[in-house]
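Participant: My structure is stored as entry.cif, with mmCIF, C-alpha atoms.
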```cif
data_final
loop_
_atom_site.label_atom_id
_atom_site.label_comp_id
_atom_site.auth_asym_id
_atom_site.auth_seq_id
_atom_site.Cartn_x
_atom_site.Cartn_y
_atom_site.Cartn_z
CA MET P 1 -48.30 -2.20 5.56
CA THR P 2 -50.77 -4.17 3.53
CA ALA P 3 -50.93 -7.97 3.49
CA PRO P 4 -49.40 -8.26 -0.02
CA GLU P 5 -46.55 -5.98 1.09
CA ILE P 6 -45.87 -8.15 4.14
CA LEU P 7 -45.86 -11.29 1.97
CA ALA P 8 -43.54 -9.65 -0.56
CA LEU P 9 -41.11 -8.56 2.18
CA LEU P 10 -41.18 -12.04 3.72
CA GLY P 11 -40.32 -13.49 0.31
CA ILE P 12 -37.54 -10.94 -0.21
CA GLY P 13 -36.08 -11.78 3.21
CA LEU P 14 -36.26 -15.53 2.52
CA THR P 15 -34.55 -15.11 -0.85
CA ALA P 16 -31.86 -12.81 0.53
CA GLY P 17 -31.17 -15.20 3.41
CA ALA P 18 -31.14 -18.29 1.19
CA LEU P 19 -28.77 -16.68 -1.33
CA ALA P 20 -26.52 -15.50 1.47
CA GLY P 21 -26.41 -19.05 2.80
CA LEU P 22 -25.84 -20.53 -0.66
CA LEU P 23 -23.37 -18.06 -2.12
CA GLY P 24 -22.02 -16.10 0.81
CA ILE P 25 -23.08 -12.91 -0.92
CA GLY P 26 -24.38 -10.06 1.12
CA GLY P 27 -28.10 -9.96 1.81
CA GLY P 28 -28.11 -6.20 1.26
CA LEU P 29 -27.38 -6.72 -2.42
CA VAL P 30 -30.71 -8.55 -2.70
CA ILE P 31 -32.77 -6.61 -0.14
CA VAL P 32 -32.07 -3.10 -1.48
CA PRO P 33 -32.99 -3.61 -5.18
CA ALA P 34 -35.94 -5.88 -4.28
CA MET P 35 -37.39 -3.29 -1.87
CA VAL P 36 -37.08 -0.63 -4.56
CA LEU P 37 -38.32 -2.64 -7.55
CA ILE P 38 -40.91 -4.96 -5.95
CA THR P 39 -42.33 -3.07 -2.98
CA GLY P 40 -41.63 0.42 -4.30
CA PHE P 41 -39.68 1.80 -1.36
CA ASP P 42 -37.54 4.90 -1.77
CA GLN P 43 -33.84 4.07 -2.39
CA HIS P 44 -32.80 5.75 0.87
CA VAL P 45 -35.39 3.87 2.95
CA ALA P 46 -34.42 0.58 1.26
CA GLN P 47 -30.76 1.14 2.16
CA GLY P 48 -31.43 2.24 5.75
CA THR P 49 -33.77 -0.70 6.34
CA SER P 50 -31.28 -3.12 4.79
CA LEU P 51 -28.59 -1.95 7.22
CA LEU P 52 -30.87 -2.68 10.17
CA VAL P 53 -31.78 -6.14 8.82
CA ILE P 54 -28.11 -7.05 8.44
CA ILE P 55 -27.29 -6.54 12.14
CA PRO P 56 -28.93 -9.57 13.83
CA ALA P 57 -27.80 -11.97 11.09
CA ALA P 58 -24.18 -10.77 11.26
CA ALA P 59 -24.27 -10.83 15.06
CA LEU P 60 -25.60 -14.39 15.12
CA GLY P 61 -23.09 -15.61 12.54
CA SER P 62 -20.09 -14.00 14.19
CA PHE P 63 -21.14 -15.30 17.61
CA THR P 64 -20.92 -18.83 16.20
CA HIS P 65 -17.59 -18.10 14.50
CA HIS P 66 -16.18 -16.67 17.72
CA ARG P 67 -17.23 -19.67 19.78
CA HIS P 68 -15.32 -21.86 17.34
CA GLY P 69 -12.31 -19.55 17.55
CA ARG P 70 -12.43 -18.68 13.84
CA PHE P 71 -11.29 -15.08 14.27
CA ALA P 72 -9.36 -12.92 16.68
CA LEU P 73 -11.40 -10.27 18.44
CA ARG P 74 -8.56 -7.74 18.21
CA ASP P 75 -8.60 -8.00 14.40
CA ALA P 76 -12.37 -7.43 14.32
CA VAL P 77 -11.96 -4.42 16.63
CA ALA P 78 -9.29 -2.89 14.35
CA LEU P 79 -11.55 -3.38 11.32
CA ALA P 80 -14.55 -1.98 13.15
CA LEU P 81 -12.72 1.13 14.36
CA GLY P 82 -11.98 2.15 10.78
CA GLY P 83 -15.34 0.76 9.72
CA VAL P 84 -17.55 2.93 11.92
CA LEU P 85 -15.76 6.08 10.72
CA GLY P 86 -16.25 5.00 7.12
CA ALA P 87 -19.90 4.12 7.80
CA LEU P 88 -20.49 7.54 9.32
CA LEU P 89 -19.04 9.23 6.26
CA GLY P 90 -20.73 6.91 3.73
CA SER P 91 -24.17 7.27 5.34
CA LEU P 92 -23.99 11.06 5.43
CA VAL P 93 -22.91 11.16 1.78
CA ALA P 94 -25.72 8.75 0.79
CA LEU P 95 -28.34 10.84 2.59
CA SER P 96 -27.08 14.00 0.91
CA LEU P 97 -27.48 12.46 -2.55
CA ASP P 98 -30.59 12.70 -4.67
CA GLU P 99 -32.69 9.49 -4.67
CA GLU P 100 -32.40 9.02 -8.42
CA LEU P 101 -28.62 9.44 -8.44
CA LEU P 102 -28.17 7.06 -5.50
CA ARG P 103 -30.25 4.43 -7.30
CA ARG P 104 -28.08 4.75 -10.39
CA LEU P 105 -24.88 4.48 -8.36
CA PHE P 106 -26.27 1.38 -6.64
CA ALA P 107 -27.05 -0.16 -10.03
CA GLY P 108 -23.44 0.54 -11.03
CA LEU P 109 -22.22 -1.27 -7.91
CA LEU P 110 -24.40 -4.29 -8.78
CA LEU P 111 -22.93 -4.41 -12.29
CA ILE P 112 -19.36 -4.35 -10.95
CA ILE P 113 -20.11 -7.11 -8.44
CA ALA P 114 -21.88 -9.22 -11.09
CA ALA P 115 -18.86 -8.88 -13.39
CA ARG P 116 -16.51 -9.86 -10.58
CA MET P 117 -18.64 -12.89 -9.70
CA LEU P 118 -18.54 -14.03 -13.32
CA MET P 119 -14.77 -13.71 -13.50
CA THR P 120 -13.65 -15.31 -10.23
CA GLN P 121 -13.37 -19.03 -9.71
CA SER P 122 -15.02 -20.40 -6.61
CA PRO P 123 -12.37 -21.76 -4.25
CA ASN P 124 -13.02 -25.47 -3.98
CA GLY P 125 -13.37 -26.80 -0.49
CA GLU P 126 -13.44 -23.34 1.06
CA ARG P 127 -16.70 -23.44 2.89
CA THR P 128 -17.55 -21.15 5.72
CA GLU P 129 -20.70 -20.54 7.67
CA ARG P 130 -22.47 -17.75 5.98
CA ALA P 131 -24.93 -15.15 7.11
CA VAL P 132 -26.87 -12.27 5.69
CA THR P 133 -24.45 -9.43 5.33
CA MET M 1 -2.74 -23.40 2.34
CA VAL M 2 -1.44 -19.86 2.38
CA SER M 3 0.73 -19.15 5.38
CA THR M 4 -0.83 -16.48 7.56
CA PRO M 5 1.10 -13.99 9.64
CA ALA M 6 0.30 -14.36 13.31
CA ARG M 7 -0.89 -10.77 13.60
CA PRO M 8 -2.21 -8.74 10.72
CA ASN M 9 -1.23 -5.09 11.00
CA PRO M 10 -4.08 -3.31 12.85
CA LEU M 11 -3.52 -0.10 10.89
CA ILE M 12 -4.02 -1.95 7.60
CA LEU M 13 -7.14 -3.58 9.02
CA ALA M 14 -8.49 -0.19 10.14
CA ALA M 15 -7.90 1.21 6.64
CA VAL M 16 -9.68 -1.74 5.02
CA GLY M 17 -12.49 -1.31 7.55
CA PHE M 18 -12.79 2.37 6.68
CA ALA M 19 -13.21 1.63 2.97
CA ALA M 20 -15.74 -1.13 3.68
CA GLY M 21 -17.64 1.07 6.14
CA ALA M 22 -17.87 3.85 3.57
CA LEU M 23 -19.27 1.41 0.98
CA SER M 24 -21.69 0.02 3.57
CA GLY M 25 -23.02 3.45 4.55
CA LEU M 26 -23.20 4.61 0.97
CA PHE M 27 -25.12 1.59 -0.38
CA GLY M 28 -26.78 -0.15 2.57
CA VAL M 29 -24.79 -3.34 2.15
CA GLY M 30 -22.52 -5.20 4.57
CA GLY M 31 -19.16 -4.32 3.11
CA GLY M 32 -17.86 -7.89 3.28
CA ILE M 33 -17.59 -7.80 -0.49
CA ILE M 34 -14.48 -5.62 -0.25
CA MET M 35 -13.31 -6.54 3.25
CA VAL M 36 -12.83 -10.26 2.62
CA PRO M 37 -10.72 -10.01 -0.58
CA ALA M 38 -8.77 -7.06 0.86
CA MET M 39 -7.91 -8.95 4.03
CA VAL M 40 -6.82 -11.98 2.03
CA LEU M 41 -4.75 -10.00 -0.48
CA ILE M 42 -3.36 -7.16 1.64
CA ALA M 43 -3.26 -8.55 5.17
CA GLY M 44 -2.53 -12.14 4.07
CA MET M 45 -5.35 -13.70 6.07
CA ALA M 46 -6.82 -17.11 5.25
CA PRO M 47 -10.19 -16.68 3.44
CA GLN M 48 -12.28 -18.35 6.14
CA ARG M 49 -10.68 -16.27 8.89
CA ALA M 50 -11.12 -13.10 6.83
CA SER M 51 -14.79 -13.87 6.26
CA ALA M 52 -15.45 -14.54 9.98
CA THR M 53 -13.59 -11.37 11.02
CA SER M 54 -15.45 -9.28 8.46
CA LEU M 55 -18.82 -10.58 9.64
CA ALA M 56 -18.06 -9.50 13.21
CA SER M 57 -17.06 -5.99 12.16
CA ILE M 58 -20.22 -5.63 10.08
CA VAL M 59 -22.29 -5.54 13.30
CA PRO M 60 -21.02 -2.11 14.50
CA ILE M 61 -20.62 -0.83 10.91
CA ALA M 62 -24.25 -1.57 9.99
CA ALA M 63 -25.40 -0.25 13.38
CA VAL M 64 -23.81 3.16 12.75
CA GLY M 65 -25.39 3.33 9.29
CA ALA M 66 -28.81 2.23 10.59
CA VAL M 67 -28.75 4.93 13.31
CA ILE M 68 -27.83 7.69 10.86
CA PHE M 69 -30.44 6.58 8.30
CA GLY M 70 -32.94 6.21 11.16
CA GLN M 71 -32.39 9.80 12.25
CA ALA M 72 -33.07 10.91 8.69
CA ASP M 73 -36.34 8.95 8.81
CA SER M 74 -34.98 6.49 6.25
CA VAL M 75 -35.54 3.21 8.09
CA ASN M 76 -38.86 1.40 7.90
CA LEU M 77 -39.11 -0.58 11.16
CA PRO M 78 -42.10 -2.83 10.32
CA ALA M 79 -40.51 -3.72 6.98
CA ALA M 80 -37.20 -4.46 8.73
CA ALA M 81 -38.93 -6.80 11.19
CA VAL M 82 -40.61 -8.79 8.40
CA LEU M 83 -37.36 -8.95 6.37
CA MET M 84 -35.44 -10.19 9.44
CA VAL M 85 -37.91 -13.05 9.99
CA GLY M 86 -37.66 -14.06 6.34
CA SER M 87 -33.89 -13.82 6.12
CA LEU M 88 -33.19 -15.75 9.31
CA ILE M 89 -35.31 -18.63 7.97
CA GLY M 90 -33.80 -18.26 4.50
CA VAL M 91 -30.21 -18.45 5.66
CA GLN M 92 -30.90 -21.79 7.39
CA VAL M 93 -32.43 -23.16 4.18
CA GLY M 94 -29.61 -21.79 2.03
CA THR M 95 -26.84 -23.17 4.21
CA ARG M 96 -28.43 -26.61 4.08
CA LEU M 97 -29.00 -26.51 0.33
CA MET M 98 -25.42 -25.40 -0.31
CA ALA M 99 -24.13 -28.95 0.01
CA ARG M 100 -26.41 -30.17 -2.79
CA ILE M 101 -26.22 -27.51 -5.47
CA GLY M 102 -23.21 -26.86 -7.65
CA ASP M 103 -21.65 -23.63 -6.46
CA ASP M 104 -20.44 -22.40 -9.86
CA ARG M 105 -23.61 -22.72 -11.89
CA LEU M 106 -25.61 -20.97 -9.18
CA ARG M 107 -23.07 -18.19 -8.87
CA ILE M 108 -23.04 -17.53 -12.60
CA GLY M 109 -26.85 -17.59 -12.72
CA PHE M 110 -27.04 -15.13 -9.88
CA ALA M 111 -24.44 -12.82 -11.40
CA ILE M 112 -26.43 -12.63 -14.63
CA PHE M 113 -29.64 -12.05 -12.67
CA MET M 114 -27.95 -9.21 -10.75
CA ALA M 115 -26.80 -7.59 -13.98
CA VAL M 116 -30.41 -7.68 -15.26
CA ILE M 117 -31.63 -6.08 -12.01
CA ALA M 118 -28.99 -3.37 -12.33
CA LEU M 119 -30.09 -2.57 -15.88
CA THR M 120 -33.74 -2.48 -14.76
CA MET M 121 -32.81 0.00 -12.03
CA LEU M 122 -30.96 2.16 -14.52
CA ALA M 123 -33.89 2.11 -16.93
CA SER M 124 -36.61 2.86 -14.36
#
```
In structure tokens, write the structure found in this file.
Facilitator:
Amino acid sequence: MTAPEILALLGIGLTAGALAGLLGIGGGLVIVPAMVLITGFDQHVAQGTSLLVIIPAAALGSFTHHRHGRFALRDAVALALGGVLGALLGSLVALSLDEELLRRLFAGLLLIIAARMLMTQSPNGERTERAVT
Amino acid sequence: MVSTPARPNPLILAAVGFAAGALSGLFGVGGGIIMVPAMVLIAGMAPQRASATSLASIVPIAAVGAVIFGQADSVNLPAAAVLMVGSLIGVQVGTRLMARIGDDRLRIGFAIFMAVIALTMLAS
């Protein structure tokens, strides 16, 4: 990596983290398009790297939540059991898709999420600790 | 407050997890974006509890995706390390700023920005 690339990635990480903290939106939604558009990574590499970046932030956040008794471990285990199967399937499908098509599908996902964000009211007083997800 | 059942049905949770995991693997995102509303609407969980539970399940979900993408040579480790440093600092800043900035205006601004990004991606 070159110095400008490192600086760009640092900035992308900072922005993704700050927006996750501010809005509770997932960091992946910022990291993936930024890696593709700003640093020119392949869509597949951007997505794979984003998944890895998400892990420590989610682990840290949920550790804090668990210490404060904000969720039941058995519920998280039930979610995760279905989740890992889905992740297995989703990842294999993503890797089988052409880079161009995957990028277009991702753009479609962003549009849907943007529309949903514009339509929903923010719940007043509902504040949780947020992390990069 | 919405009354929450003492124990959400684990089968429903597993189904919600499956859908979120598929989205996560497919697009490299966390999956909280569908898990949280689904847990609130279908399993009747309180939003804060749903968000904390979803965050915990994202750890193994993202790990599975990262391993599979890694095996296909689609993870850039140095880039991930730099992004992690940036995001861990950023999340501290964001959480602190949250108290001072109006939530709604920021959310609408970001939604519009995301739509522009999506159109740029489609055009490129």
Participant: Counting all atoms listed in the file, figure out which residue out of P:Leu37, P:Thr120, P:Ala107, P:Phe63 gets nearest to chain M.
Facilitator: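 Using all atoms listed in the file, chain M sits closest to P:Ala107.
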Participant: Return the single residue from P:Ile55, P:Ala87, P:Val30, P:Leu73 that is closest to Ile117 (chain M), with distances computed using all atoms listed in the file.
Facilitator: P:Val30
Participant: Care to translate the PyMOL selection byres ((chain P and resi 76) around 9) into actual residues of this file, as a list in words?
Facilitator: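 Listing what the PyMOL selection byres ((chain P and resi 76) around 9) selects in the shown file: Phe71, Ala72, Leu73, Arg74, Asp75, Val77, Ala78, Leu79, Ala80 and Leu81 of chain P; Leu13, Ala52, Thr53, Ser54, Leu55, Ala56 and Ser57 of chain M.
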Participant: I'd like the neighbourhood of Ala66 (chain M) as an MDAnalysis selection string, where a residue qualifies if any of its atoms comes within 8 Å (using all atoms listed in the file), though same-chain residues fewer than 6 positions away should be ignored.
Facilitator: (chainID P and resid 48:49 51:52) or (chainID M and resid 75)
Participant: Would you mind telling me which residue in P:Ile6, P:Leu19, P:Leu92, P:Leu101 lies nearest to Met35 (chain P) when using only C-alpha atoms?
Facilitator: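 Of the candidates, the smallest distance to Met35 (chain P) is held by P:Ile6.
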Participant: Need the shell around Val116 (chain M): protein/DNA/RNA residues with any atom at most 10 Å away, counting all atoms listed in the file. Skip same-chain ones fewer than 6 positions apart. Format as a PyMOL selection string?
Facilitator: (chain P and resi 107+110-111+114) or (chain M and resi 110+122)
Participant: Using only C-alpha atoms, pick whichever of M:Pro47, M:Ile112, M:Ala15, M:Val29 has the shortest atom-to-atom distance to Gly65 (chain M).
Facilitator: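 Nearest to Gly65 (chain M): M:Val29.
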Participant: Please work out which residues fall within 12 Å of (-23.9, 3.7, -8.1), coordinates as given in the file, with only C-alpha atoms counting, and return them as a compact mmCIF listing (two decimals) with C-alpha atoms, keeping the file's coordinate frame.
Facilitator:
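Below is the file that was written, part_17.txt:
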```txt
# COMPACT_ATOMS: atom_id res chain seq x y z
CA GLN P 43 -33.84 4.07 -2.39
CA ALA P 94 -25.72 8.75 0.79
CA LEU P 97 -27.48 12.46 -2.55
CA ASP P 98 -30.59 12.70 -4.67
CA GLU P 99 -32.69 9.49 -4.67
CA GLU P 100 -32.40 9.02 -8.42
CA LEU P 101 -28.62 9.44 -8.44
CA LEU P 102 -28.17 7.06 -5.50
CA ARG P 103 -30.25 4.43 -7.30
CA ARG P 104 -28.08 4.75 -10.39
CA LEU P 105 -24.88 4.48 -8.36
CA PHE P 106 -26.27 1.38 -6.64
CA ALA P 107 -27.05 -0.16 -10.03
CA GLY P 108 -23.44 0.54 -11.03
CA LEU P 109 -22.22 -1.27 -7.91
CA LEU P 110 -24.40 -4.29 -8.78
CA LEU P 111 -22.93 -4.41 -12.29
CA ILE P 112 -19.36 -4.35 -10.95
CA ILE P 113 -20.11 -7.11 -8.44
CA LEU M 23 -19.27 1.41 0.98
CA LEU M 26 -23.20 4.61 0.97
CA PHE M 27 -25.12 1.59 -0.38
CA GLY M 28 -26.78 -0.15 2.57
CA ALA M 118 -28.99 -3.37 -12.33
CA LEU M 119 -30.09 -2.57 -15.88
CA MET M 121 -32.81 0.00 -12.03
CA LEU M 122 -30.96 2.16 -14.52
```
Participant: Nearest to chain M among P:Leu60, P:Val45, P:Ile31, P:Ala8, with distances taken over all atoms listed in the file: which residue is it?
Facilitator: P:Val45
Participant: What lies within 12 Å of Ala58 (chain P) using only C-alpha atoms, ignoring chain neighbours under 3 positions off, as number ranges by chain?
Facilitator: P: 17, 20, 24, 26-28, 51-55, 61-66, 129-133; M: 29-32, 51-63, 84, 87-88, 91
Participant: Take the residues from that selection and put them in a file with C-alpha atoms, as a CSV table (one decimal), in the coordinates of the input.
Facilitator:
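What ended up in result_33.csv:
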```csv
chain,number,residue,atom,x,y,z
P,17,GLY,CA,-31.2,-15.2,3.4
P,20,ALA,CA,-26.5,-15.5,1.5
P,24,GLY,CA,-22.0,-16.1,0.8
P,26,GLY,CA,-24.4,-10.1,1.1
P,27,GLY,CA,-28.1,-10.0,1.8
P,28,GLY,CA,-28.1,-6.2,1.3
P,51,LEU,CA,-28.6,-2.0,7.2
P,52,LEU,CA,-30.9,-2.7,10.2
P,53,VAL,CA,-31.8,-6.1,8.8
P,54,ILE,CA,-28.1,-7.0,8.4
P,55,ILE,CA,-27.3,-6.5,12.1
P,61,GLY,CA,-23.1,-15.6,12.5
P,62,SER,CA,-20.1,-14.0,14.2
P,63,PHE,CA,-21.1,-15.3,17.6
P,64,THR,CA,-20.9,-18.8,16.2
P,65,HIS,CA,-17.6,-18.1,14.5
P,66,HIS,CA,-16.2,-16.7,17.7
P,129,GLU,CA,-20.7,-20.5,7.7
P,130,ARG,CA,-22.5,-17.8,6.0
P,131,ALA,CA,-24.9,-15.2,7.1
P,132,VAL,CA,-26.9,-12.3,5.7
P,133,THR,CA,-24.4,-9.4,5.3
M,29,VAL,CA,-24.8,-3.3,2.2
M,30,GLY,CA,-22.5,-5.2,4.6
M,31,GLY,CA,-19.2,-4.3,3.1
M,32,GLY,CA,-17.9,-7.9,3.3
M,51,SER,CA,-14.8,-13.9,6.3
M,52,ALA,CA,-15.4,-14.5,10.0
M,53,THR,CA,-13.6,-11.4,11.0
M,54,SER,CA,-15.4,-9.3,8.5
M,55,LEU,CA,-18.8,-10.6,9.6
M,56,ALA,CA,-18.1,-9.5,13.2
M,57,SER,CA,-17.1,-6.0,12.2
M,58,ILE,CA,-20.2,-5.6,10.1
M,59,VAL,CA,-22.3,-5.5,13.3
M,60,PRO,CA,-21.0,-2.1,14.5
M,61,ILE,CA,-20.6,-0.8,10.9
M,62,ALA,CA,-24.2,-1.6,10.0
M,63,ALA,CA,-25.4,-0.2,13.4
M,84,MET,CA,-35.4,-10.2,9.4
M,87,SER,CA,-33.9,-13.8,6.1
M,88,LEU,CA,-33.2,-15.8,9.3
M,91,VAL,CA,-30.2,-18.4,5.7
```
Participant: How many Å separate CA of Ala50 (chain M) from CA of Met35 (chain M)?
Facilitator: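 If I compute the distance from CA of Ala50 (chain M) to CA of Met35 (chain M), I get 7.8 Å.
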Participant: Counting only C-alpha atoms, which residues come within 9 Å of (-37.8, -8.5, 2.2), with the point read in the file's coordinates, and could you list them as a ChimeraX atom specification?
Facilitator: /P:6-16,30-32,34-35,39,50 /M:79-80,82-84,86-87
Participant: From the set P:Leu23, P:Met119, P:Ser91, P:His68, which residue has the shortest atom-to-atom contact distance to Ala72 (chain M), counting all atoms listed in the file?
Facilitator: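 That would be P:Ser91, the residue with the smallest distance to Ala72 (chain M).
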Participant: Would you write out, as a list in words, every residue that the PyMOL selection byres ((chain M and resi 12) around 10) captures in this file?
Facilitator: Ala78, Leu79 and Gly82 of chain P; Pro8, Asn9, Pro10, Leu11, Leu13, Ala14, Ala15, Val16, Gly17, Phe18, Ala38, Met39, Ile42 and Ala43 of chain M
Participant: I need the chosen residues saved as an mmCIF file, keeping the file's coordinate frame, with C-alpha atoms.
Facilitator:
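Output saved as again_1.cif:
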```
data_model
loop_
_atom_site.group_PDB
_atom_site.id
_atom_site.type_symbol
_atom_site.label_atom_id
_atom_site.label_comp_id
_atom_site.auth_asym_id
_atom_site.auth_seq_id
_atom_site.Cartn_x
_atom_site.Cartn_y
_atom_site.Cartn_z
ATOM 1 C CA ALA P 78 -9.290 -2.890 14.350
ATOM 2 C CA LEU P 79 -11.550 -3.380 11.320
ATOM 3 C CA GLY P 82 -11.980 2.150 10.780
ATOM 4 C CA PRO M 8 -2.210 -8.740 10.720
ATOM 5 C CA ASN M 9 -1.230 -5.090 11.000
ATOM 6 C CA PRO M 10 -4.080 -3.310 12.850
ATOM 7 C CA LEU M 11 -3.520 -0.100 10.890
ATOM 8 C CA LEU M 13 -7.140 -3.580 9.020
ATOM 9 C CA ALA M 14 -8.490 -0.190 10.140
ATOM 10 C CA ALA M 15 -7.900 1.210 6.640
ATOM 11 C CA VAL M 16 -9.680 -1.740 5.020
ATOM 12 C CA GLY M 17 -12.490 -1.310 7.550
ATOM 13 C CA PHE M 18 -12.790 2.370 6.680
ATOM 14 C CA ALA M 38 -8.770 -7.060 0.860
ATOM 15 C CA MET M 39 -7.910 -8.950 4.030
ATOM 16 C CA ILE M 42 -3.360 -7.160 1.640
ATOM 17 C CA ALA M 43 -3.260 -8.550 5.170
#
```
Participant: Quick one: distance from CA of Ala115 (chain M) to CA of Ile25 (chain P) in Å, one decimal?
Facilitator: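 One can read the CA of Ala115 (chain M) to CA of Ile25 (chain P) distance as 14.6 Å.
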Participant: Report the distance between CA of Val40 (chain M) and CA of Ala18 (chain P) in Å, rounded to one decimal place.
Facilitator: 25.1 Å
